[in-house]
Amino acid sequence: MLYINNLTKNYGSFTAVNHLTLHIPEGDLFGFVGPNGAGKTTTIRIVCGLLRASGGLVVIGDSEAPIGSREMKRMIGYVPDFFGVYDNLKVREYMDMYGSMYGMYSRDIAKISDDLLELVNLSDKKDVYVDTLSRGMKQRLCVARALLHNPKLLILDEPSSGLDPRARVEMKELLKNLHSMGKTIVISSHILSELSEMCTSIGIMNRGQLITAGRIEDIMQQLSGGKRIHVQVISDMETAVRFLK
Ligand SMILES: Nc1ncnc2c1ncn2[C@@H]1O[C@H](COP(=O)(O)OP(=O)(O)OP(=O)(O)O)[C@@H](O)[C@H]1O
Ligand SMILES: [Mg+2]
């Protein structure tokens, strides 16, 4: 679904992304992990056509559309790390505005917005001003907005940052749900453990370079030094008590 080949981004003499090569298959929930300054946002912004690469190639699906083209942007739903909402817009109006930007018909926008707001659990907030929503709700609204044009690929840049534990769980459930509906998803985070239980594959980046990438089971095994821990669960209470004595 997403092919990144030899991608490089230089800022003057500083290399933020250094010959990054990555393939994310269709249907994957891919976790992009790395510390501050690793180059995650830079890579994501290049893929979304918001930043020009210094070198390399990005291909989405089997499209030959150039990076940043309208056709390529149509294939991507992007949830940025920082996003503004508009003070004087209600949730429904916000979705309408983005729908019209995508060139959708008003009746389609109304129907699809309703479905998406239900999916992100904001149905009861349709007539509320967006700037009065909590951060977690704003994040979910941003996911709904990014899905309006039914993109093949959903890319979220640290969607859980600044959320409380409950909102994090809600975001995780939403992403799992979207994945089970067949969306290919890329999500970035600083924290491997946060992604490990929901992602199907992972790429770890540091200082512009990809350290490792692959199926989650393989990466976790690599990180644990290949050790396997066998855990026996005792369901019978009496046996458990005897075992503990
Ligand atoms: N416009 C810019 N000019 C110069 N350097 C930049 C610019 N944007 C990013 N960088 C540098 O590129 C590197 C990668 O930044 P990037 O934002 O991609 O990292 P990140 O992995 O998303 O980090 P974080 O987890 O903090 O969001 C950093 O060292 C950053 O300072
Ligand atoms: Mg970032």
# chains A, B, ... in the order shown; residues from 1 in each chain; ligands from 1
$ closest_atom_pairs --of "region 2-36 of chain A" --to "region 164-186 of chain A" --cutoff "8 Å" --atoms "only C-alpha atoms" --output "CSV"
residue,atom,partner,partner_atom,distance
A:Pro25,CA,A:Thr184,CA,7.9
A:Glu26,CA,A:Thr184,CA,5.7
A:Gly27,CA,A:Thr184,CA,4.5
A:Asp28,CA,A:Thr184,CA,5.2
A:Leu29,CA,A:Ile185,CA,4.7
A:Phe30,CA,A:Val186,CA,4.7
A:Gly31,CA,A:Val186,CA,5.9
A:Phe32,CA,A:Val186,CA,7.0
$ write_last_selection --atoms "N, CA and C atoms" --output "compact mmCIF listing (two decimals), in the first residue's frame"
# COMPACT_ATOMS: atom_id res chain seq x y z
N PRO A 25 2.28 -3.00 3.86
CA PRO A 25 1.27 -3.69 3.05
C PRO A 25 -0.15 -3.23 3.36
N GLU A 26 -1.04 -3.44 2.40
CA GLU A 26 -2.45 -3.09 2.56
C GLU A 26 -3.03 -3.86 3.75
N GLY A 27 -3.85 -3.18 4.54
CA GLY A 27 -4.51 -3.84 5.67
C GLY A 27 -3.70 -3.84 6.94
N ASP A 28 -2.47 -3.31 6.89
CA ASP A 28 -1.63 -3.26 8.09
C ASP A 28 -2.05 -2.13 9.03
N LEU A 29 -1.79 -2.34 10.30
CA LEU A 29 -1.86 -1.23 11.26
C LEU A 29 -0.40 -1.06 11.69
N PHE A 30 0.23 -0.07 11.10
CA PHE A 30 1.68 0.09 11.23
C PHE A 30 2.02 1.15 12.27
N GLY A 31 2.87 0.81 13.20
CA GLY A 31 3.30 1.75 14.24
C GLY A 31 4.68 2.29 13.90
N PHE A 32 4.78 3.62 13.89
CA PHE A 32 6.03 4.28 13.56
C PHE A 32 6.57 4.85 14.87
$ residues_near_ligand --ligand "ligand 2" --cutoff "8 Å" --atoms "only C-alpha atoms and all ligand atoms" --output "PyMOL selection string"
chain A and resi 36-42+81+157-158+188
$ residues_near_ligand --ligand "ligand 1" --cutoff "12 Å" --atoms "only C-alpha atoms and all ligand atoms" --output "PyMOL selection string"
chain A and resi 8-18+32-46+50-52+80-82+156-159+161+187-191+204-210
$ write_last_selection --atoms "C-alpha atoms" --output "compact mmCIF listing (two decimals), in the first residue's frame"
# COMPACT_ATOMS: atom_id res chain seq x y z
CA THR A 8 15.89 11.65 2.31
CA LYS A 9 15.19 15.09 3.73
CA ASN A 10 17.94 17.60 4.36
CA TYR A 11 17.57 20.91 6.14
CA GLY A 12 20.75 22.65 5.03
CA SER A 13 23.56 20.38 6.14
CA PHE A 14 21.32 18.52 8.65
CA THR A 15 19.75 15.26 7.51
CA ALA A 16 16.36 14.75 9.18
CA VAL A 17 15.46 11.62 7.18
CA ASN A 18 18.32 9.52 5.95
CA PHE A 32 6.03 4.28 13.56
CA VAL A 33 8.07 4.56 16.75
CA GLY A 34 10.92 6.86 17.64
CA PRO A 35 12.11 9.46 20.14
CA ASN A 36 11.81 13.25 19.71
CA GLY A 37 13.54 14.38 16.54
CA ALA A 38 13.69 10.88 15.01
CA GLY A 39 12.15 12.12 11.76
CA LYS A 40 8.62 10.67 12.07
CA THR A 41 6.71 13.90 11.39
CA THR A 42 9.09 14.85 8.58
CA THR A 43 8.49 11.48 6.90
CA ILE A 44 4.73 11.70 7.41
CA ARG A 45 4.54 15.24 6.03
CA ILE A 46 6.48 14.20 2.93
CA LEU A 50 3.06 18.77 2.66
CA LEU A 51 6.84 18.82 2.51
CA ARG A 52 9.19 18.34 -0.40
CA PRO A 80 -1.59 15.94 12.17
CA ASP A 81 0.23 16.17 15.50
CA PHE A 82 -1.00 19.74 16.02
CA LEU A 156 -2.04 9.72 12.38
CA ASP A 157 0.86 11.63 13.88
CA GLU A 158 0.87 10.95 17.63
CA PRO A 159 -2.89 10.94 18.05
CA SER A 161 -0.31 12.78 22.86
CA ILE A 187 0.32 5.75 13.55
CA SER A 188 3.36 7.39 15.11
CA SER A 189 4.27 7.40 18.78
CA HIS A 190 7.23 7.71 21.15
CA ILE A 191 6.11 4.70 23.11
CA ILE A 204 11.57 1.97 14.77
CA MET A 205 13.32 5.15 13.72
CA ASN A 206 16.12 7.12 15.32
CA ARG A 207 18.05 10.16 14.07
CA GLY A 208 16.52 9.91 10.62
CA GLN A 209 17.29 6.25 10.12
CA LEU A 210 15.12 3.18 10.28
$ atom_distance --atom1 "CA of Cys199 (chain A)" --atom2 "CA of Ile24 (chain A)"
12.0 Å
$ residues_around --residues "region 64-71 of chain A" --least-positions-apart "3" --cutoff "10 Å" --atoms "only C-alpha atoms" --output "VMD selection string"
chain A and resid 45 to 53 57 to 61 74 to 76
$ select_by_dssp --residues "region 28-238 of chain A" --states "strand (DSSP E)" --output "ChimeraX atom specification"
/A:29-33,55-60,76-79,153-157,184-189,201-206,209-215
$ atom_distance --atom1 "CA of Tyr94 (chain A)" --atom2 "CA of Leu133 (chain A)"
12.5 Å
$ atom_distance --atom1 "CA of Arg140 (chain A)" --atom2 "CA of Ser123 (chain A)"
11.5 Å
$ select_by_dssp --residues "region 20-200 of chain A" --states "alpha helix (DSSP H)" --output "VMD selection string"
chain A and resid 40 to 47 70 to 74 91 to 101 106 to 119 135 to 147 165 to 180 192 to 196
$ closest_atom_pairs --of "region 148-229 of chain A" --to "region 96-110 of chain A" --cutoff "12 Å" --atoms "only C-alpha atoms" --output "tab-separated table"
residue	atom	partner	partner_atom	distance
A:Leu148	CA	A:Gly99	CA	6.4
A:His149	CA	A:Tyr102	CA	6.7
A:Asn150	CA	A:Tyr102	CA	10.5
A:Pro151	CA	A:Tyr102	CA	11.1
$ write_last_selection --atoms "N, CA and C atoms" --output "PDB file, in the first residue's frame"
ATOM      1  N   LEU A 148     -13.532  11.465   5.901  1.00  0.00           N
ATOM      2  CA  LEU A 148     -14.682  11.913   5.104  1.00  0.00           C
ATOM      3  C   LEU A 148     -14.631  11.456   3.643  1.00  0.00           C
ATOM      4  N   HIS A 149     -13.460  11.538   3.040  1.00  0.00           N
ATOM      5  CA  HIS A 149     -13.351  11.221   1.604  1.00  0.00           C
ATOM      6  C   HIS A 149     -12.977   9.751   1.376  1.00  0.00           C
ATOM      7  N   ASN A 150     -13.169   8.942   2.418  1.00  0.00           N
ATOM      8  CA  ASN A 150     -12.913   7.504   2.357  1.00  0.00           C
ATOM      9  C   ASN A 150     -11.523   7.170   1.805  1.00  0.00           C
ATOM     10  N   PRO A 151     -10.471   7.665   2.489  1.00  0.00           N
ATOM     11  CA  PRO A 151      -9.110   7.417   1.993  1.00  0.00           C
ATOM     12  C   PRO A 151      -8.709   5.959   2.174  1.00  0.00           C
TER      13      PRO A 151
END
$ closest_residue --among "A:Ile155, A:Cys142, A:Ala213, A:Leu223" --to "Phe83 (chain A)" --atoms "only C-alpha atoms"
A:Cys142
$ closest_residue --among "A:Asp115, A:Asp131, A:Asp124, A:Glu197" --to "Ala144 (chain A)" --atoms "only C-alpha atoms"
A:Asp115
